[in-house]
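protein-v4.cif (mmCIF, N, CA and C atoms)
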data_final
#
loop_
_atom_site.label_atom_id
_atom_site.label_comp_id
_atom_site.auth_asym_id
_atom_site.auth_seq_id
_atom_site.Cartn_x
_atom_site.Cartn_y
_atom_site.Cartn_z
N MET A 18 13.59 15.71 10.28
CA MET A 18 14.31 14.49 10.05
C MET A 18 13.47 13.59 9.16
N ALA A 19 14.06 13.08 8.09
CA ALA A 19 13.34 12.23 7.14
C ALA A 19 13.16 10.83 7.71
N LYS A 20 12.01 10.26 7.42
CA LYS A 20 11.75 8.88 7.82
C LYS A 20 12.35 7.93 6.80
N THR A 21 12.79 6.78 7.26
CA THR A 21 13.26 5.75 6.35
C THR A 21 12.04 4.92 5.94
N PRO A 22 11.77 4.80 4.63
CA PRO A 22 10.60 4.04 4.21
C PRO A 22 10.77 2.55 4.49
N ARG A 23 9.63 1.87 4.66
CA ARG A 23 9.67 0.42 4.84
C ARG A 23 10.25 -0.21 3.57
N ALA A 24 11.14 -1.15 3.75
CA ALA A 24 11.76 -1.84 2.61
C ALA A 24 10.75 -2.78 1.95
N TRP A 25 10.85 -2.91 0.64
CA TRP A 25 9.97 -3.79 -0.11
C TRP A 25 10.46 -5.23 0.01
N SER A 26 9.56 -6.12 0.38
CA SER A 26 9.87 -7.54 0.48
C SER A 26 9.28 -8.27 -0.74
N ASP A 27 9.59 -9.55 -0.86
CA ASP A 27 8.99 -10.36 -1.92
C ASP A 27 7.47 -10.35 -1.79
N LEU A 28 6.98 -10.42 -0.56
CA LEU A 28 5.55 -10.37 -0.31
C LEU A 28 4.93 -9.10 -0.86
N ASP A 29 5.57 -7.96 -0.59
CA ASP A 29 5.06 -6.67 -1.06
C ASP A 29 5.02 -6.61 -2.58
N ARG A 30 6.08 -7.08 -3.22
CA ARG A 30 6.15 -7.03 -4.68
C ARG A 30 5.07 -7.90 -5.32
N ILE A 31 4.90 -9.10 -4.78
CA ILE A 31 3.89 -10.00 -5.34
C ILE A 31 2.49 -9.45 -5.07
N MET A 32 2.30 -8.85 -3.89
CA MET A 32 1.02 -8.21 -3.57
C MET A 32 0.65 -7.19 -4.63
N MET A 33 1.61 -6.33 -4.94
CA MET A 33 1.34 -5.29 -5.92
C MET A 33 1.24 -5.85 -7.33
N ASP A 34 1.91 -6.95 -7.62
CA ASP A 34 1.76 -7.60 -8.93
C ASP A 34 0.31 -8.03 -9.15
N PHE A 35 -0.31 -8.60 -8.11
CA PHE A 35 -1.71 -9.01 -8.22
C PHE A 35 -2.61 -7.80 -8.48
N ILE A 36 -2.35 -6.72 -7.76
CA ILE A 36 -3.19 -5.53 -7.90
C ILE A 36 -2.97 -4.88 -9.27
N LYS A 37 -1.70 -4.80 -9.72
CA LYS A 37 -1.42 -4.23 -11.04
C LYS A 37 -2.08 -5.05 -12.14
N GLU A 38 -2.03 -6.38 -12.00
CA GLU A 38 -2.66 -7.26 -12.99
C GLU A 38 -4.17 -7.05 -13.03
N ALA A 39 -4.79 -6.92 -11.85
CA ALA A 39 -6.23 -6.68 -11.79
C ALA A 39 -6.57 -5.34 -12.44
N ARG A 40 -5.75 -4.34 -12.24
CA ARG A 40 -5.97 -3.02 -12.84
C ARG A 40 -5.85 -3.11 -14.37
N GLU A 41 -4.84 -3.83 -14.84
CA GLU A 41 -4.64 -3.98 -16.28
C GLU A 41 -5.78 -4.74 -16.95
N ASN A 42 -6.42 -5.64 -16.20
CA ASN A 42 -7.50 -6.46 -16.77
C ASN A 42 -8.86 -5.77 -16.77
N GLU A 43 -8.92 -4.57 -16.22
CA GLU A 43 -10.19 -3.83 -16.24
C GLU A 43 -10.49 -3.37 -17.66
N PRO A 44 -11.76 -3.33 -18.04
CA PRO A 44 -12.11 -2.86 -19.39
C PRO A 44 -11.60 -1.43 -19.63
N LYS A 45 -11.75 -0.58 -18.62
CA LYS A 45 -11.23 0.79 -18.72
C LYS A 45 -10.31 1.01 -17.52
N LYS A 46 -9.02 1.13 -17.80
CA LYS A 46 -8.03 1.29 -16.74
C LYS A 46 -8.27 2.58 -15.96
N LYS A 47 -8.38 2.46 -14.63
CA LYS A 47 -8.61 3.63 -13.78
C LYS A 47 -7.36 4.50 -13.72
N SER A 48 -7.57 5.79 -13.75
CA SER A 48 -6.46 6.73 -13.59
C SER A 48 -6.04 6.76 -12.12
N LEU A 49 -4.86 7.30 -11.89
CA LEU A 49 -4.38 7.43 -10.51
C LEU A 49 -5.30 8.32 -9.68
N ARG A 50 -5.82 9.36 -10.31
CA ARG A 50 -6.73 10.26 -9.58
C ARG A 50 -8.08 9.58 -9.30
N ALA A 51 -8.54 8.74 -10.20
CA ALA A 51 -9.78 7.99 -9.95
C ALA A 51 -9.57 7.00 -8.81
N ILE A 52 -8.40 6.38 -8.77
CA ILE A 52 -8.08 5.46 -7.67
C ILE A 52 -8.04 6.23 -6.35
N GLU A 53 -7.45 7.42 -6.39
CA GLU A 53 -7.41 8.27 -5.20
C GLU A 53 -8.82 8.59 -4.71
N ALA A 54 -9.69 8.96 -5.63
CA ALA A 54 -11.06 9.32 -5.27
C ALA A 54 -11.80 8.13 -4.67
N ASP A 55 -11.53 6.93 -5.18
CA ASP A 55 -12.25 5.73 -4.72
C ASP A 55 -11.69 5.15 -3.43
N THR A 56 -10.39 5.35 -3.18
CA THR A 56 -9.77 4.70 -2.02
C THR A 56 -9.32 5.65 -0.92
N GLY A 57 -9.11 6.91 -1.26
CA GLY A 57 -8.56 7.85 -0.29
C GLY A 57 -7.04 7.80 -0.21
N ILE A 58 -6.42 6.96 -1.04
CA ILE A 58 -4.95 6.90 -1.11
C ILE A 58 -4.52 7.93 -2.15
N SER A 59 -3.60 8.82 -1.80
CA SER A 59 -3.22 9.89 -2.73
C SER A 59 -2.70 9.31 -4.04
N HIS A 60 -2.94 10.05 -5.13
CA HIS A 60 -2.52 9.55 -6.44
C HIS A 60 -1.00 9.37 -6.51
N SER A 61 -0.26 10.21 -5.80
CA SER A 61 1.20 10.06 -5.82
C SER A 61 1.63 8.80 -5.07
N ARG A 62 0.92 8.49 -3.99
CA ARG A 62 1.22 7.25 -3.25
C ARG A 62 0.86 6.04 -4.09
N VAL A 63 -0.27 6.09 -4.79
CA VAL A 63 -0.67 4.98 -5.67
C VAL A 63 0.40 4.77 -6.74
N ASP A 64 0.87 5.87 -7.32
CA ASP A 64 1.93 5.78 -8.33
C ASP A 64 3.19 5.14 -7.73
N ASP A 65 3.55 5.55 -6.52
CA ASP A 65 4.70 4.94 -5.85
C ASP A 65 4.49 3.44 -5.65
N LEU A 66 3.29 3.05 -5.26
CA LEU A 66 3.01 1.62 -5.05
C LEU A 66 3.12 0.84 -6.36
N PHE A 67 2.53 1.38 -7.43
CA PHE A 67 2.57 0.67 -8.71
C PHE A 67 3.99 0.58 -9.27
N ASN A 68 4.86 1.51 -8.87
CA ASN A 68 6.24 1.52 -9.36
C ASN A 68 7.25 1.08 -8.30
N GLU A 69 6.74 0.55 -7.18
CA GLU A 69 7.57 0.01 -6.10
C GLU A 69 8.60 1.03 -5.60
N ARG A 70 8.12 2.23 -5.40
CA ARG A 70 8.96 3.30 -4.85
C ARG A 70 8.47 3.64 -3.45
N SER A 71 9.31 4.30 -2.72
CA SER A 71 9.01 4.71 -1.34
C SER A 71 8.69 3.48 -0.51
N GLY A 72 7.88 3.65 0.52
CA GLY A 72 7.60 2.55 1.44
C GLY A 72 6.70 1.49 0.83
N SER A 73 6.81 0.31 1.38
CA SER A 73 5.99 -0.81 0.93
C SER A 73 4.53 -0.58 1.29
N PRO A 74 3.61 -1.33 0.65
CA PRO A 74 2.18 -1.12 0.92
C PRO A 74 1.79 -1.51 2.35
N THR A 75 0.90 -0.73 2.91
CA THR A 75 0.34 -1.07 4.22
C THR A 75 -0.80 -2.05 4.00
N LEU A 76 -1.24 -2.67 5.08
CA LEU A 76 -2.37 -3.60 4.99
C LEU A 76 -3.61 -2.85 4.49
N LYS A 77 -3.82 -1.66 5.01
CA LYS A 77 -4.99 -0.86 4.60
C LYS A 77 -4.94 -0.56 3.10
N GLU A 78 -3.76 -0.20 2.59
CA GLU A 78 -3.63 0.07 1.15
C GLU A 78 -3.90 -1.19 0.34
N PHE A 79 -3.34 -2.32 0.79
CA PHE A 79 -3.56 -3.58 0.09
C PHE A 79 -5.05 -3.93 0.04
N VAL A 80 -5.73 -3.84 1.16
CA VAL A 80 -7.16 -4.18 1.22
C VAL A 80 -7.96 -3.21 0.36
N SER A 81 -7.69 -1.91 0.46
CA SER A 81 -8.43 -0.91 -0.31
C SER A 81 -8.27 -1.13 -1.81
N LEU A 82 -7.04 -1.34 -2.25
CA LEU A 82 -6.78 -1.54 -3.67
C LEU A 82 -7.34 -2.87 -4.16
N SER A 83 -7.23 -3.90 -3.34
CA SER A 83 -7.80 -5.21 -3.72
C SER A 83 -9.30 -5.08 -3.95
N LEU A 84 -9.99 -4.49 -3.00
CA LEU A 84 -11.44 -4.34 -3.13
C LEU A 84 -11.82 -3.49 -4.33
N LEU A 85 -11.06 -2.43 -4.55
CA LEU A 85 -11.34 -1.54 -5.68
C LEU A 85 -11.27 -2.29 -7.01
N PHE A 86 -10.31 -3.18 -7.13
CA PHE A 86 -10.13 -3.90 -8.40
C PHE A 86 -10.82 -5.26 -8.41
N GLY A 87 -11.75 -5.47 -7.48
CA GLY A 87 -12.58 -6.67 -7.50
C GLY A 87 -11.91 -7.92 -6.97
N LEU A 88 -10.87 -7.76 -6.18
CA LEU A 88 -10.19 -8.91 -5.60
C LEU A 88 -10.64 -9.08 -4.15
N ASP A 89 -10.82 -10.32 -3.74
CA ASP A 89 -11.09 -10.59 -2.34
C ASP A 89 -9.74 -10.58 -1.63
N PRO A 90 -9.52 -9.68 -0.66
CA PRO A 90 -8.21 -9.58 -0.04
C PRO A 90 -7.73 -10.89 0.59
N ALA A 91 -8.61 -11.63 1.25
CA ALA A 91 -8.20 -12.88 1.89
C ALA A 91 -7.80 -13.92 0.85
N ASP A 92 -8.61 -14.07 -0.19
CA ASP A 92 -8.27 -15.03 -1.25
C ASP A 92 -6.99 -14.62 -1.95
N THR A 93 -6.83 -13.33 -2.18
CA THR A 93 -5.63 -12.84 -2.85
C THR A 93 -4.40 -13.11 -1.99
N MET A 94 -4.51 -12.90 -0.68
CA MET A 94 -3.37 -13.17 0.20
C MET A 94 -3.01 -14.65 0.18
N ARG A 95 -4.02 -15.53 0.11
CA ARG A 95 -3.72 -16.97 0.01
C ARG A 95 -2.95 -17.27 -1.26
N LEU A 96 -3.36 -16.66 -2.38
CA LEU A 96 -2.66 -16.86 -3.65
C LEU A 96 -1.23 -16.32 -3.58
N ILE A 97 -1.07 -15.18 -2.92
CA ILE A 97 0.25 -14.59 -2.76
C ILE A 97 1.15 -15.52 -1.95
N LEU A 98 0.62 -16.04 -0.85
CA LEU A 98 1.41 -16.95 -0.01
C LEU A 98 1.77 -18.22 -0.76
N ASP A 99 0.84 -18.72 -1.57
CA ASP A 99 1.13 -19.90 -2.41
C ASP A 99 2.26 -19.60 -3.38
N ARG A 100 2.20 -18.43 -4.01
CA ARG A 100 3.24 -18.05 -4.96
C ARG A 100 4.59 -17.91 -4.25
N LEU A 101 4.60 -17.31 -3.07
CA LEU A 101 5.83 -17.18 -2.31
C LEU A 101 6.41 -18.55 -1.96
N GLU A 102 5.53 -19.45 -1.56
CA GLU A 102 5.98 -20.80 -1.21
C GLU A 102 6.63 -21.48 -2.41
N LYS A 103 6.04 -21.30 -3.60
CA LYS A 103 6.62 -21.87 -4.81
C LYS A 103 7.99 -21.27 -5.11
N LEU A 104 8.19 -20.03 -4.68
CA LEU A 104 9.49 -19.38 -4.86
C LEU A 104 10.48 -19.74 -3.76
N GLY A 105 10.01 -20.52 -2.80
CA GLY A 105 10.90 -20.94 -1.71
C GLY A 105 10.92 -20.02 -0.51
N VAL A 106 9.99 -19.07 -0.46
CA VAL A 106 9.90 -18.15 0.67
C VAL A 106 8.81 -18.68 1.59
N HIS A 107 9.17 -19.02 2.82
CA HIS A 107 8.21 -19.58 3.78
C HIS A 107 8.10 -18.62 4.95
N LEU A 108 7.10 -17.78 4.92
CA LEU A 108 6.98 -16.72 5.93
C LEU A 108 6.84 -17.27 7.34
N ALA A 109 6.02 -18.29 7.54
CA ALA A 109 5.80 -18.81 8.89
C ALA A 109 7.09 -19.36 9.48
N THR A 110 7.82 -20.15 8.71
CA THR A 110 9.05 -20.72 9.24
C THR A 110 10.14 -19.67 9.32
N ASP A 111 10.14 -18.70 8.41
CA ASP A 111 11.13 -17.63 8.49
C ASP A 111 10.92 -16.82 9.76
N THR A 112 9.66 -16.54 10.09
CA THR A 112 9.35 -15.79 11.30
C THR A 112 9.78 -16.57 12.54
N VAL A 113 9.46 -17.87 12.54
CA VAL A 113 9.80 -18.69 13.69
C VAL A 113 11.31 -18.79 13.85
N SER A 114 12.04 -19.00 12.74
CA SER A 114 13.48 -19.17 12.84
C SER A 114 14.18 -17.88 13.26
N SER A 115 13.53 -16.73 13.04
CA SER A 115 14.16 -15.47 13.44
C SER A 115 14.07 -15.25 14.95
N GLY A 116 13.27 -16.06 15.61
CA GLY A 116 13.16 -15.96 17.05
C GLY A 116 12.04 -15.06 17.52
N SER A 117 11.29 -14.43 16.60
CA SER A 117 10.24 -13.51 17.04
C SER A 117 9.03 -14.26 17.58
N VAL A 118 8.79 -15.47 17.10
CA VAL A 118 7.71 -16.31 17.62
C VAL A 118 8.30 -17.68 17.86
N PRO A 119 8.20 -18.23 19.06
CA PRO A 119 8.82 -19.51 19.34
C PRO A 119 8.16 -20.64 18.56
N THR A 120 8.94 -21.70 18.32
CA THR A 120 8.38 -22.87 17.65
C THR A 120 7.45 -23.56 18.63
N SER A 121 6.24 -23.83 18.19
CA SER A 121 5.24 -24.50 19.01
C SER A 121 4.16 -25.01 18.08
N PRO A 122 3.25 -25.84 18.60
CA PRO A 122 2.15 -26.30 17.74
C PRO A 122 1.34 -25.13 17.19
N VAL A 123 1.22 -24.07 17.97
CA VAL A 123 0.47 -22.91 17.49
C VAL A 123 1.22 -22.23 16.36
N ALA A 124 2.52 -21.98 16.55
CA ALA A 124 3.31 -21.33 15.52
C ALA A 124 3.41 -22.18 14.27
N ASP A 125 3.35 -23.50 14.43
CA ASP A 125 3.44 -24.40 13.28
C ASP A 125 2.10 -24.55 12.57
N GLY A 126 1.05 -23.90 13.06
CA GLY A 126 -0.25 -23.95 12.40
C GLY A 126 -1.10 -25.14 12.82
N ALA A 127 -0.69 -25.85 13.88
CA ALA A 127 -1.44 -27.03 14.31
C ALA A 127 -2.65 -26.66 15.17
N CYS A 128 -2.78 -25.40 15.56
CA CYS A 128 -3.90 -24.95 16.38
C CYS A 128 -4.74 -23.97 15.59
N ASP A 129 -5.90 -23.63 16.15
CA ASP A 129 -6.79 -22.74 15.43
C ASP A 129 -6.31 -21.29 15.49
N ALA A 130 -6.96 -20.44 14.73
CA ALA A 130 -6.54 -19.04 14.60
C ALA A 130 -6.60 -18.30 15.93
N GLY A 131 -7.60 -18.59 16.75
CA GLY A 131 -7.72 -17.92 18.04
C GLY A 131 -6.53 -18.21 18.94
N GLU A 132 -6.13 -19.47 18.98
CA GLU A 132 -4.97 -19.84 19.79
C GLU A 132 -3.70 -19.20 19.23
N ARG A 133 -3.60 -19.15 17.91
CA ARG A 133 -2.44 -18.53 17.26
C ARG A 133 -2.38 -17.04 17.62
N ALA A 134 -3.52 -16.36 17.53
CA ALA A 134 -3.55 -14.94 17.86
C ALA A 134 -3.18 -14.71 19.32
N GLU A 135 -3.69 -15.57 20.19
CA GLU A 135 -3.38 -15.42 21.61
C GLU A 135 -1.89 -15.57 21.87
N GLU A 136 -1.26 -16.56 21.21
CA GLU A 136 0.18 -16.75 21.40
C GLU A 136 0.96 -15.56 20.85
N LEU A 137 0.56 -15.07 19.68
CA LEU A 137 1.27 -13.93 19.10
C LEU A 137 1.15 -12.71 20.00
N LEU A 138 -0.03 -12.49 20.58
CA LEU A 138 -0.22 -11.36 21.49
C LEU A 138 0.60 -11.53 22.76
N THR A 139 0.71 -12.75 23.23
CA THR A 139 1.51 -13.01 24.42
C THR A 139 2.95 -12.60 24.19
N HIS A 140 3.46 -12.94 23.01
CA HIS A 140 4.85 -12.61 22.71
C HIS A 140 5.01 -11.15 22.32
N ALA A 141 3.95 -10.55 21.82
CA ALA A 141 4.02 -9.14 21.44
C ALA A 141 4.18 -8.25 22.66
N ASP A 142 3.65 -8.69 23.79
CA ASP A 142 3.77 -7.87 25.01
C ASP A 142 4.87 -8.38 25.93
N ASN A 143 5.81 -9.12 25.35
CA ASN A 143 6.98 -9.63 26.09
C ASN A 143 6.58 -10.47 27.30
N GLY A 144 5.50 -11.21 27.18
CA GLY A 144 5.12 -12.13 28.23
C GLY A 144 4.38 -11.50 29.40
N VAL A 145 4.00 -10.26 29.30
CA VAL A 145 3.27 -9.60 30.37
C VAL A 145 1.83 -10.10 30.34
N ASP A 146 1.38 -10.63 31.46
CA ASP A 146 -0.01 -11.08 31.55
C ASP A 146 -0.85 -9.86 31.92
N ILE A 147 -1.71 -9.44 31.02
CA ILE A 147 -2.46 -8.20 31.21
C ILE A 147 -3.36 -8.26 32.45
N ASP A 148 -3.89 -9.45 32.75
CA ASP A 148 -4.75 -9.57 33.93
C ASP A 148 -3.94 -9.40 35.21
N VAL A 149 -2.77 -10.00 35.28
CA VAL A 149 -1.90 -9.86 36.45
C VAL A 149 -1.48 -8.39 36.59
N TRP A 150 -1.14 -7.79 35.48
CA TRP A 150 -0.72 -6.39 35.48
C TRP A 150 -1.85 -5.49 35.99
N ALA A 151 -3.07 -5.75 35.50
CA ALA A 151 -4.23 -4.96 35.93
C ALA A 151 -4.47 -5.14 37.43
N ASP A 152 -4.33 -6.37 37.92
CA ASP A 152 -4.51 -6.63 39.36
C ASP A 152 -3.46 -5.87 40.18
N GLN A 153 -2.22 -5.83 39.69
CA GLN A 153 -1.17 -5.09 40.39
C GLN A 153 -1.50 -3.61 40.46
N ILE A 154 -1.98 -3.06 39.37
CA ILE A 154 -2.33 -1.65 39.33
C ILE A 154 -3.47 -1.37 40.31
N LYS A 155 -4.48 -2.24 40.32
CA LYS A 155 -5.61 -2.08 41.24
C LYS A 155 -5.12 -2.13 42.68
N ALA A 156 -4.22 -3.07 42.98
CA ALA A 156 -3.71 -3.21 44.34
C ALA A 156 -2.92 -1.95 44.74
N GLU A 157 -2.10 -1.44 43.83
CA GLU A 157 -1.35 -0.24 44.12
C GLU A 157 -2.26 0.95 44.35
N GLU A 158 -3.29 1.08 43.52
CA GLU A 158 -4.25 2.18 43.66
C GLU A 158 -5.00 2.07 44.99
N SER A 159 -5.35 0.83 45.35
CA SER A 159 -6.06 0.58 46.61
C SER A 159 -5.18 0.96 47.79
N ALA A 160 -3.89 0.61 47.71
CA ALA A 160 -2.95 0.94 48.79
C ALA A 160 -2.75 2.45 48.90
N LYS A 161 -2.77 3.16 47.80
CA LYS A 161 -2.59 4.61 47.81
C LYS A 161 -3.77 5.31 48.46
N THR A 162 -4.97 4.78 48.25
CA THR A 162 -6.16 5.43 48.77
C THR A 162 -6.38 5.16 50.25
N LYS A 163 -5.68 4.17 50.82
CA LYS A 163 -5.86 3.84 52.25
C LYS A 163 -5.10 4.72 53.14
#
Once you've parsed the file, please lay out its structure as structure tokens.
Amino acid sequence: MAKTPRAWSDLDRIMMDFIKEARENEPKKKSLRAIEADTGISHSRVDDLFNERSGSPTLKEFVSLSLLFGLDPADTMRLILDRLEKLGVHLATDTVSSGSVPTSPVADGACDAGERAEELLTHADNGVDIDVWADQIKAEESAKTK
């Protein structure tokens, strides 16, 4: 059964635009096979990424290609988000409005990254408190051994 590739978003396209531009600005443009040798990403996959075919880039591919072409991935992502905002695409508010992350000071960026990560993880596990869950498992195991 064939997998359905991840759809390309505006974020993905702009991400690859930055990487393509960095590749074009190199004194000697790297071949697809040279990119494969340097990153471990197959030359056919690199070609698909540069031509926006098949699935969208993964985070690992983005970071690997950014570093290869001398881009700082974090700085590049900030530039990408700025460009998206200028285009009217607001990822944080789009995510919140879709209902995947509730509106809160954390989701609105009013709290630090640690608090934001904690809230995202809370919602990622559907509100299951891992400590409570672990205590329940321990209690069940204890009851079984008695």
Figure out the distance between CA of Ile52 (chain A) and atom C of Ser71 (chain A), please, to one decimal in Å.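 Going from atom C of Ser71 (chain A) over to CA of Ile52 (chain A) covers 18.3 Å.
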Taking the file above as input, evaluate the PyMOL selection byres (((chain A and resi 32 and name CA) around 12) and name CA) and report the hits as a PyMOL selection string. chain A and resi 25-31+33-39+66-67+69+73-76+78-80+82-83+88+90-101
To verify the selection step, state as a list of chain:residue names which residues the PyMOL selection byres (((chain A and resi 53 and name CA) around 12) and name CA) yields on this input. A:Lys47, A:Ser48, A:Leu49, A:Arg50, A:Ala51, A:Ile52, A:Ala54, A:Asp55, A:Thr56, A:Gly57, A:Ile58, A:Ser59, A:His60, A:Ser61, A:Arg62, A:Val63, A:Asp64, A:Glu78, A:Ser81, A:Leu82, A:Leu85
Two-atom distance - CA of Val106 (chain A), atom N of Arg23 (chain A) (Å):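 These two atoms are separated by 20.4 Å.
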Please, what distance in Å, to one decimal, runs between atom C of Arg70 (chain A) and atom N of Lys46 (chain A)?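 For atom C of Arg70 (chain A) relative to atom N of Lys46 (chain A), the distance reads 22.8 Å.
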